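Data file: coords22.pdb. Format and content: PDB, C-alpha atoms, pLDDT in the B column.
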```
ATOM      1  CA  MET A 300      24.932  -0.080  -0.223  1.00 65.00           C
ATOM      2  CA  TYR A 301      21.572   1.642  -0.645  1.00 72.00           C
ATOM      3  CA  HIS A 302      20.219  -0.769  -3.270  1.00 72.00           C
ATOM      4  CA  ALA A 303      21.576  -3.840  -1.486  1.00 73.00           C
ATOM      5  CA  ALA A 304      19.839  -3.030   1.805  1.00 76.00           C
ATOM      6  CA  THR A 305      16.545  -4.807   2.438  1.00 77.00           C
ATOM      7  CA  ARG A 306      15.333  -1.697   4.229  1.00 81.00           C
ATOM      8  CA  PRO A 307      17.588   1.348   3.661  1.00 80.00           C
ATOM      9  CA  GLU A 308      18.324   3.333   6.814  1.00 77.00           C
ATOM     10  CA  LEU A 309      20.360   6.518   6.725  1.00 75.00           C
ATOM     11  CA  GLN A 310      22.241   5.940   9.960  1.00 74.00           C
ATOM     12  CA  GLN A 311      23.271   2.399   9.031  1.00 69.00           C
ATOM     13  CA  LEU A 312      24.366   3.391   5.530  1.00 70.00           C
ATOM     14  CA  CYS A 313      26.510   6.226   6.867  1.00 73.00           C
ATOM     15  CA  LYS A 314      28.117   3.782   9.282  1.00 72.00           C
ATOM     16  CA  ASP A 315      28.761   1.215   6.521  1.00 68.00           C
ATOM     17  CA  VAL A 316      30.545   3.705   4.265  1.00 63.00           C
ATOM     18  CA  GLY A 317      32.276   5.587   7.093  1.00 68.00           C
ATOM     19  CA  MET A 318      30.504   8.911   6.566  1.00 69.00           C
ATOM     20  CA  SER A 319      28.745  11.274   8.915  1.00 68.00           C
ATOM     21  CA  ARG A 320      25.174  12.382   8.385  1.00 63.00           C
ATOM     22  CA  PHE A 321      26.129  15.400   6.295  1.00 69.00           C
ATOM     23  CA  ARG A 322      23.272  17.396   4.821  1.00 73.00           C
ATOM     24  CA  SER A 323      24.290  16.341   1.306  1.00 75.00           C
ATOM     25  CA  VAL A 324      24.174  12.641   2.258  1.00 78.00           C
ATOM     26  CA  MET A 325      20.758  13.046   3.867  1.00 81.00           C
ATOM     27  CA  LYS A 326      19.508  14.870   0.792  1.00 85.00           C
ATOM     28  CA  LEU A 327      20.747  12.096  -1.506  1.00 84.00           C
ATOM     29  CA  PHE A 328      19.204   9.413   0.718  1.00 85.00           C
ATOM     30  CA  ARG A 329      15.822  11.142   0.657  1.00 89.00           C
ATOM     31  CA  TRP A 330      16.041  11.697  -3.109  1.00 91.00           C
ATOM     32  CA  LEU A 331      16.659   7.989  -3.722  1.00 91.00           C
ATOM     33  CA  ARG A 332      13.707   7.039  -1.527  1.00 93.00           C
ATOM     34  CA  TRP A 333      11.414   9.366  -3.445  1.00 96.00           C
ATOM     35  CA  GLN A 334      12.636   7.999  -6.767  1.00 96.00           C
ATOM     36  CA  GLU A 335      11.621   4.521  -5.649  1.00 96.00           C
ATOM     37  CA  ALA A 336       8.299   5.793  -4.290  1.00 97.00           C
ATOM     38  CA  ASN A 337       7.391   7.715  -7.452  1.00 97.00           C
ATOM     39  CA  LEU A 338       8.292   4.787  -9.703  1.00 97.00           C
ATOM     40  CA  GLY A 339       6.408   2.396  -7.436  1.00 97.00           C
ATOM     41  CA  TYR A 340       3.272   4.530  -7.597  1.00 97.00           C
ATOM     42  CA  GLU A 341       3.565   4.803 -11.383  1.00 97.00           C
ATOM     43  CA  GLU A 342       3.880   1.031 -11.761  1.00 97.00           C
ATOM     44  CA  MET A 343       1.013   0.411  -9.357  1.00 96.00           C
ATOM     45  CA  GLN A 344      -1.271   2.645 -11.395  1.00 94.00           C
ATOM     46  CA  ALA A 345      -0.789   0.338 -14.392  1.00 95.00           C
ATOM     47  CA  MET A 346      -1.359  -2.893 -12.434  1.00 96.00           C
ATOM     48  CA  THR A 347      -4.360  -5.165 -12.985  1.00 96.00           C
ATOM     49  CA  LEU A 348      -5.308  -7.715 -10.337  1.00 95.00           C
ATOM     50  CA  LYS A 349      -7.298 -10.819 -11.190  1.00 94.00           C
ATOM     51  CA  GLY A 350      -8.542 -14.076  -9.735  1.00 92.00           C
ATOM     52  CA  VAL A 351      -9.249 -13.879  -6.016  1.00 92.00           C
ATOM     53  CA  VAL A 352      -8.613 -10.409  -4.571  1.00 93.00           C
ATOM     54  CA  GLU A 353      -8.890  -9.468  -0.905  1.00 91.00           C
ATOM     55  CA  GLY A 354      -9.995  -5.936  -0.054  1.00 88.00           C
ATOM     56  CA  ASP A 355      -9.823  -4.078   3.245  1.00 86.00           C
ATOM     57  CA  GLY A 356      -8.919  -0.826   4.955  1.00 84.00           C
ATOM     58  CA  ALA A 357      -6.563  -0.044   7.823  1.00 87.00           C
ATOM     59  CA  GLY A 358      -5.820   2.867  10.107  1.00 86.00           C
ATOM     60  CA  LEU A 359      -2.231   4.085   9.738  1.00 90.00           C
ATOM     61  CA  LYS A 360      -1.782   7.196  11.882  1.00 89.00           C
ATOM     62  CA  LEU A 361      -3.766   9.389  14.243  1.00 83.00           C
ATOM     63  CA  PHE A 362      -3.181  13.101  14.840  1.00 84.00           C
ATOM     64  CA  LYS A 363      -4.904  16.069  16.453  1.00 81.00           C
ATOM     65  CA  ASN A 364      -6.201  19.000  14.434  1.00 79.00           C
ATOM     66  CA  GLU A 365      -8.221  21.793  15.995  1.00 77.00           C
ATOM     67  CA  GLY A 366      -8.699  19.633  19.059  1.00 79.00           C
ATOM     68  CA  LYS A 367     -10.204  16.708  17.158  1.00 80.00           C
ATOM     69  CA  ASN A 368      -8.822  13.304  16.217  1.00 83.00           C
ATOM     70  CA  CYS A 369      -7.978  12.902  12.541  1.00 82.00           C
ATOM     71  CA  HIS A 370      -7.327   9.507  11.016  1.00 83.00           C
ATOM     72  CA  VAL A 371      -4.924   8.628   8.223  1.00 88.00           C
ATOM     73  CA  ALA A 372      -6.192   5.402   6.692  1.00 87.00           C
ATOM     74  CA  LEU A 373      -5.321   3.145   3.777  1.00 90.00           C
ATOM     75  CA  ARG A 374      -7.542   1.226   1.382  1.00 88.00           C
ATOM     76  CA  GLY A 375      -6.036  -1.770  -0.349  1.00 90.00           C
ATOM     77  CA  LEU A 376      -6.492  -4.830  -2.531  1.00 93.00           C
ATOM     78  CA  ALA A 377      -4.240  -7.894  -2.568  1.00 95.00           C
ATOM     79  CA  GLU A 378      -4.268 -10.571  -5.259  1.00 95.00           C
ATOM     80  CA  ARG A 379      -3.886 -14.104  -3.972  1.00 94.00           C
ATOM     81  CA  PRO A 380      -0.857 -15.595  -5.743  1.00 92.00           C
ATOM     82  CA  ARG A 381      -1.064 -18.634  -7.955  1.00 85.00           C
ATOM     83  CA  GLY A 382       1.624 -21.251  -7.512  1.00 81.00           C
ATOM     84  CA  SER A 383       4.979 -19.771  -6.498  1.00 81.00           C
ATOM     85  CA  ALA A 384       4.181 -16.240  -7.671  1.00 82.00           C
ATOM     86  CA  ALA A 385       4.546 -13.409  -5.155  1.00 85.00           C
ATOM     87  CA  PRO A 386       1.376 -11.592  -4.012  1.00 91.00           C
ATOM     88  CA  ARG A 387       0.589  -8.298  -5.721  1.00 95.00           C
ATOM     89  CA  ALA A 388      -1.315  -5.373  -4.257  1.00 96.00           C
ATOM     90  CA  VAL A 389      -2.588  -1.858  -4.808  1.00 95.00           C
ATOM     91  CA  VAL A 390      -2.715   0.588  -1.901  1.00 94.00           C
ATOM     92  CA  TYR A 391      -4.311   4.031  -1.695  1.00 92.00           C
ATOM     93  CA  PHE A 392      -4.648   6.673   0.996  1.00 90.00           C
ATOM     94  CA  ALA A 393      -8.212   7.411   2.036  1.00 83.00           C
ATOM     95  CA  PRO A 394      -9.157  11.081   2.541  1.00 76.00           C
ATOM     96  CA  VAL A 395      -8.105  12.318   5.990  1.00 75.00           C
ATOM     97  CA  LYS A 396     -11.247  12.611   8.097  1.00 68.00           C
ATOM     98  CA  LYS A 397     -12.286  13.329  11.662  1.00 61.00           C
ATOM     99  CA  VAL A 398     -13.950   9.926  11.964  1.00 58.00           C
ATOM    100  CA  ALA A 399     -12.707   6.433  12.738  1.00 55.00           C
ATOM    101  CA  PRO A 400     -11.172   4.680   9.698  1.00 50.00           C
ATOM    102  CA  GLU A 401     -13.815   1.926   9.932  1.00 51.00           C
ATOM    103  CA  VAL A 402     -16.536   4.460   9.059  1.00 47.00           C
ATOM    104  CA  GLU A 403     -16.624   4.077   5.286  1.00 53.00           C
ATOM    105  CA  CYS A 404     -18.679   5.909   2.709  1.00 50.00           C
ATOM    106  CA  ARG A 405     -19.341   5.238  -0.944  1.00 46.00           C
ATOM    107  CA  GLU A 406     -17.596   8.415  -2.080  1.00 47.00           C
ATOM    108  CA  ASP A 407     -14.347   7.368  -0.391  1.00 55.00           C
ATOM    109  CA  GLY A 408     -14.487   3.953  -2.017  1.00 52.00           C
ATOM    110  CA  LEU A 409     -14.992   5.420  -5.459  1.00 46.00           C
ATOM    111  CA  ALA A 410     -12.406   8.160  -4.965  1.00 49.00           C
ATOM    112  CA  SER A 411      -9.634   5.650  -4.256  1.00 59.00           C
ATOM    113  CA  GLY A 412     -10.118   4.020  -7.659  1.00 67.00           C
ATOM    114  CA  GLY A 413      -8.866   0.716  -6.264  1.00 79.00           C
ATOM    115  CA  LEU A 414     -11.482  -1.521  -7.886  1.00 85.00           C
ATOM    116  CA  ASP A 415     -10.578  -0.105 -11.295  1.00 89.00           C
ATOM    117  CA  HIS A 416      -7.477  -2.294 -10.966  1.00 92.00           C
ATOM    118  CA  VAL A 417      -9.478  -5.533 -10.652  1.00 93.00           C
ATOM    119  CA  ALA A 418     -10.283  -7.537 -13.779  1.00 93.00           C
ATOM    120  CA  ASN A 419     -13.924  -8.253 -14.565  1.00 91.00           C
ATOM    121  CA  LYS A 420     -15.391 -11.466 -13.080  1.00 90.00           C
ATOM    122  CA  SER A 421     -12.700 -11.657 -10.419  1.00 92.00           C
ATOM    123  CA  VAL A 422     -13.760 -12.468  -6.859  1.00 91.00           C
ATOM    124  CA  LEU A 423     -13.582  -9.739  -4.240  1.00 90.00           C
ATOM    125  CA  VAL A 424     -13.276 -11.041  -0.678  1.00 89.00           C
ATOM    126  CA  SER A 425     -13.990  -8.364   1.905  1.00 85.00           C
ATOM    127  CA  ASP A 426     -15.179  -7.862   5.464  1.00 76.00           C
ATOM    128  CA  GLY A 427     -18.660  -6.837   6.515  1.00 62.00           C
ATOM    129  CA  ALA A 428     -18.659  -3.309   5.065  1.00 64.00           C
ATOM    130  CA  ARG A 429     -21.814  -2.883   2.952  1.00 66.00           C
ATOM    131  CA  LEU A 430     -19.834  -0.551   0.703  1.00 72.00           C
ATOM    132  CA  CYS A 431     -17.728  -3.427  -0.677  1.00 77.00           C
ATOM    133  CA  ALA A 432     -20.656  -5.548  -1.875  1.00 78.00           C
ATOM    134  CA  ARG A 433     -22.223  -2.580  -3.650  1.00 81.00           C
ATOM    135  CA  LEU A 434     -19.012  -1.493  -5.352  1.00 82.00           C
ATOM    136  CA  ALA A 435     -18.239  -5.087  -6.378  1.00 85.00           C
ATOM    137  CA  ARG A 436     -21.560  -5.300  -8.230  1.00 86.00           C
ATOM    138  CA  GLU A 437     -20.952  -1.975  -9.939  1.00 86.00           C
ATOM    139  CA  HIS A 438     -17.523  -3.164 -11.163  1.00 87.00           C
ATOM    140  CA  GLY A 439     -18.728  -6.535 -12.451  1.00 89.00           C
ATOM    141  CA  LEU A 440     -17.051  -8.546  -9.701  1.00 89.00           C
ATOM    142  CA  ARG A 441     -18.225 -11.545  -7.718  1.00 88.00           C
ATOM    143  CA  HIS A 442     -18.216 -10.910  -3.974  1.00 86.00           C
ATOM    144  CA  ARG A 443     -17.774 -13.085  -0.913  1.00 84.00           C
ATOM    145  CA  LEU A 444     -18.076 -11.826   2.639  1.00 80.00           C
ATOM    146  CA  CYS A 445     -15.825 -12.543   5.601  1.00 78.00           C
ATOM    147  CA  ALA A 446     -17.957 -11.363   8.534  1.00 69.00           C
ATOM    148  CA  ARG A 447     -15.198 -10.776  11.046  1.00 64.00           C
ATOM    149  CA  SER A 448     -17.436  -8.495  13.106  1.00 61.00           C
ATOM    150  CA  LYS A 449     -19.480 -11.621  13.843  1.00 62.00           C
ATOM    151  CA  GLY A 450     -16.429 -13.674  14.764  1.00 62.00           C
ATOM    152  CA  VAL A 451     -16.147 -15.461  11.394  1.00 62.00           C
ATOM    153  CA  TRP A 452     -12.490 -15.434  10.351  1.00 61.00           C
ATOM    154  CA  ASN A 453     -12.572 -18.073   7.639  1.00 64.00           C
ATOM    155  CA  GLU A 454     -15.078 -20.225   5.827  1.00 76.00           C
ATOM    156  CA  ARG A 455     -15.193 -22.284   2.645  1.00 74.00           C
ATOM    157  CA  ALA A 456     -17.392 -21.219  -0.264  1.00 72.00           C
ATOM    158  CA  ARG A 457     -17.848 -22.215  -3.906  1.00 77.00           C
ATOM    159  CA  VAL A 458     -17.634 -19.490  -6.529  1.00 76.00           C
ATOM    160  CA  ARG A 459     -18.514 -20.111 -10.154  1.00 78.00           C
ATOM    161  CA  GLY A 460     -15.392 -20.199 -12.276  1.00 75.00           C
ATOM    162  CA  HIS A 461     -13.083 -20.197  -9.249  1.00 76.00           C
ATOM    163  CA  GLY A 462     -13.882 -23.440  -7.431  1.00 75.00           C
ATOM    164  CA  THR A 463     -13.941 -23.666  -3.647  1.00 81.00           C
ATOM    165  CA  LEU A 464     -12.261 -20.786  -1.852  1.00 79.00           C
ATOM    166  CA  ASP A 465     -11.138 -19.873   1.643  1.00 78.00           C
ATOM    167  CA  VAL A 466     -13.078 -16.714   2.437  1.00 82.00           C
ATOM    168  CA  ASN A 467     -10.781 -14.682   4.679  1.00 82.00           C
ATOM    169  CA  ALA A 468      -8.680 -11.505   4.622  1.00 84.00           C
ATOM    170  CA  GLY A 469      -5.394 -12.988   5.821  1.00 88.00           C
ATOM    171  CA  LEU A 470      -3.295 -11.759   2.895  1.00 92.00           C
ATOM    172  CA  ILE A 471      -4.375  -8.111   2.983  1.00 91.00           C
ATOM    173  CA  ASP A 472      -3.966  -8.107   6.786  1.00 91.00           C
ATOM    174  CA  GLU A 473      -0.404  -9.328   6.287  1.00 95.00           C
ATOM    175  CA  ARG A 474       0.201  -6.467   3.814  1.00 95.00           C
ATOM    176  CA  TRP A 475      -0.974  -3.940   6.419  1.00 94.00           C
ATOM    177  CA  SER A 476       1.423  -5.408   8.976  1.00 95.00           C
ATOM    178  CA  ARG A 477       4.338  -5.131   6.538  1.00 96.00           C
ATOM    179  CA  ILE A 478       3.552  -1.498   5.736  1.00 96.00           C
ATOM    180  CA  LYS A 479       3.298  -0.526   9.401  1.00 94.00           C
ATOM    181  CA  GLU A 480       6.603  -2.262  10.154  1.00 95.00           C
ATOM    182  CA  TRP A 481       8.247  -0.389   7.280  1.00 94.00           C
ATOM    183  CA  ILE A 482       7.227   3.143   8.285  1.00 93.00           C
ATOM    184  CA  PRO A 483       9.546   4.744  10.883  1.00 89.00           C
ATOM    185  CA  LYS A 484       7.727   5.311  14.162  1.00 86.00           C
ATOM    186  CA  GLY A 485       8.849   8.950  14.328  1.00 86.00           C
ATOM    187  CA  ILE A 486       6.899  10.007  11.232  1.00 89.00           C
ATOM    188  CA  TRP A 487       3.819  12.052  12.089  1.00 88.00           C
ATOM    189  CA  GLY A 488       0.499  11.636  10.319  1.00 88.00           C
ATOM    190  CA  SER A 489       0.107  15.367   9.668  1.00 85.00           C
ATOM    191  CA  ASP A 490       2.240  18.064   8.077  1.00 82.00           C
ATOM    192  CA  GLY A 491       1.323  20.327  11.017  1.00 80.00           C
ATOM    193  CA  GLU A 492      -1.528  22.022   9.164  1.00 81.00           C
ATOM    194  CA  GLY A 493      -4.036  19.181   9.202  1.00 79.00           C
ATOM    195  CA  ASN A 494      -2.943  17.673   5.884  1.00 83.00           C
ATOM    196  CA  LEU A 495      -1.398  14.287   5.146  1.00 87.00           C
ATOM    197  CA  ASN A 496       2.324  14.157   5.852  1.00 91.00           C
ATOM    198  CA  VAL A 497       3.958  13.515   2.449  1.00 93.00           C
ATOM    199  CA  GLU A 498       6.682  11.473   4.168  1.00 93.00           C
ATOM    200  CA  LEU A 499       4.026   8.835   4.836  1.00 94.00           C
ATOM    201  CA  TRP A 500       3.202   8.748   1.125  1.00 95.00           C
ATOM    202  CA  GLY A 501       6.874   8.371   0.236  1.00 96.00           C
ATOM    203  CA  ASN A 502       7.426   5.531   2.685  1.00 95.00           C
ATOM    204  CA  VAL A 503       4.297   3.592   1.679  1.00 96.00           C
ATOM    205  CA  TYR A 504       5.124   3.624  -2.016  1.00 97.00           C
ATOM    206  CA  GLN A 505       8.807   2.925  -1.443  1.00 97.00           C
ATOM    207  CA  TRP A 506       7.608  -0.154   0.449  1.00 97.00           C
ATOM    208  CA  TRP A 507       5.376  -1.039  -2.509  1.00 97.00           C
ATOM    209  CA  PHE A 508       8.291  -0.761  -4.958  1.00 97.00           C
ATOM    210  CA  ARG A 509      10.604  -2.908  -2.860  1.00 96.00           C
ATOM    211  CA  CYS A 510       7.885  -5.409  -2.001  1.00 95.00           C
ATOM    212  CA  HIS A 511       7.119  -6.019  -5.677  1.00 96.00           C
ATOM    213  CA  HIS A 512      10.790  -5.959  -6.720  1.00 95.00           C
ATOM    214  CA  PRO A 513      12.733  -7.762  -3.980  1.00 92.00           C
ATOM    215  CA  LEU A 514      15.826  -8.370  -6.139  1.00 92.00           C
ATOM    216  CA  LYS A 515      18.509  -5.679  -6.161  1.00 92.00           C
ATOM    217  CA  ALA A 516      19.293  -6.096  -9.874  1.00 94.00           C
ATOM    218  CA  ASP A 517      15.629  -5.741 -10.803  1.00 94.00           C
ATOM    219  CA  ARG A 518      15.249  -2.535  -8.785  1.00 94.00           C
ATOM    220  CA  GLN A 519      18.393  -1.032 -10.290  1.00 93.00           C
ATOM    221  CA  ALA A 520      17.318  -1.870 -13.841  1.00 95.00           C
ATOM    222  CA  ARG A 521      13.861  -0.377 -13.357  1.00 96.00           C
ATOM    223  CA  LEU A 522      15.271   2.805 -11.805  1.00 94.00           C
ATOM    224  CA  ALA A 523      17.811   3.171 -14.630  1.00 94.00           C
ATOM    225  CA  GLU A 524      15.028   2.888 -17.217  1.00 95.00           C
ATOM    226  CA  TYR A 525      12.904   5.358 -15.218  1.00 94.00           C
ATOM    227  CA  TRP A 526      15.734   7.890 -15.047  1.00 92.00           C
ATOM    228  CA  GLY A 527      16.313   7.477 -18.771  1.00 91.00           C
ATOM    229  CA  ARG A 528      12.686   8.410 -19.468  1.00 86.00           C
ATOM    230  CA  GLU A 529      12.845  11.365 -17.083  1.00 72.00           C
ATOM    231  CA  ALA A 530      16.086  12.775 -18.559  1.00 63.00           C
TER     232      ALA A 530
END
```
Please, can you express the file's structure as structure tokens?
Amino acid sequence: MYHAATRPELQQLCKDVGMSRFRSVMKLFRWLRWQEANLGYEEMQAMTLKGVVEGDGAGLKLFKNEGKNCHVALRGLAERPRGSAAPRAVVYFAPVKKVAPEVECREDGLASGGLDHVANKSVLVSDGARLCARLAREHGLRHRLCARSKGVWNERARVRGHGTLDVNAGLIDERWSRIKEWIPKGIWGSDGEGNLNVELWGNVYQWWFRCHHPLKADRQARLAEYWGREA
């Protein structure tokens, strides 16, 4: 039941198998989610994106700490698929800060390590953040700007070695929407002490694992191999 579900939910699974939400069942459900999340993060760390890659950030949660707003934000990169291939992505949590998620700094961009996943001479398509153009140069990437702050949502541009491209961030925006839909609304951004709630981490990387492995048999095989290595 768990592996077959598109989006596993404890209450629905208990109903399907005729069981109450016993502590042992809840513990098993959470353990399975974390197994998927940990394996997803491990696989993501080994992923290399190439071709045309969209980069952006998104605010995920907001919480109060010592009377100030703290923002939980994500940084991500999404590879535009070729042909019928599914899109691939890497997603990292930005450091929790008492500033709006749009306020980026070079240290945050480097700390995420996201651009280390992008093959040399790929094209990075990003919004108007000056940080992106600078980091693209430092990583040997070509860069094209989608100036959404100026009302430009798409334009055509030629890039050497890649032909004519649509310069927009539609794919990475769609990834953000999927992640936000996946995370239960009742999960807080903080652990109560001003730190990132680890349940957010678990949900984001469980989403990543299931997004990149939509077939039940594939997920089961990868988990079985993962458990074999961990034994």
Report, as AutoDock Vina command-line options, the axis-aligned box around all atoms of stretch 386-394 of chain A present in the file, extended by 6 Å on each side; give centre and edge lengths in Å to one decimal place.
```
--center_x -3.9 --center_y -0.3 --center_z -1.6 --size_x 22.5 --size_y 34.7 --size_z 20.3
```
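Rounded to one decimal, atom CA of A:Val422 and atom CA of A:Cys445 lie 12.6 Å from each other.
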Item to complete: Please write as a ChimeraX atom specification the full residue list that the PyMOL selection byres ((chain A and resi 374-388) around 8) yields on this file.
Response: /A:348-357,372-373,389-393,411,413,470-471,474,511
Item to complete: Just the residues within 12 Å of A:Trp526, please, counting only C-alpha atoms, with nothing from its chain fewer than 4 positions along; format it as a PyMOL selection string.
Response: chain A and resi 331+334-335+337-338+519-522+530
Discussion item. So, with all atoms listed in the file as the atoms that count, which of A:Asn364, A:Asn467, A:Thr347, A:Ser476 lies closest to A:Asn419?
Written reply: A:Thr347
Item to complete: Specify as a ChimeraX atom specification each residue included when the PyMOL selection byres ((chain A and resi 455) around 10) is applied to this file.
Response: /A:453-454,456-458,463-467
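Nearest to A:Asn494 of all the residues A:Leu430, A:Val395, A:Ala468, A:Ile482 is A:Val395, based on all atoms listed in the file.
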Item to complete: Pull out every residue that the PyMOL selection byres ((chain A and resi 498) around 10) matches in the shown coordinates and put them as a PyMOL selection string.
Response: chain A and resi 329+333+482-483+486-490+495-497+499-503
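Using all atoms listed in the file, the smallest distance between any of A:Ile478, A:Gly462, A:Leu309, A:Pro513 and A:Ser323 comes from A:Leu309.
With all atoms listed in the file as the atoms that count, the residue of A:Arg459, A:Leu414, A:Thr305, A:His370 with the shortest distance to A:Pro394 is A:His370.
Residue nearest A:Glu480 within the list A:Arg443, A:Leu514, A:His438, A:Trp506: A:Trp506 [criterion: smallest interatomic distance, all atoms listed in the file].
Ranking A:Ala432, A:Gly358, A:Met343, A:Arg332 by their shortest atom-to-atom distance to A:Arg306, with all atoms listed in the file included, puts A:Arg332 first.
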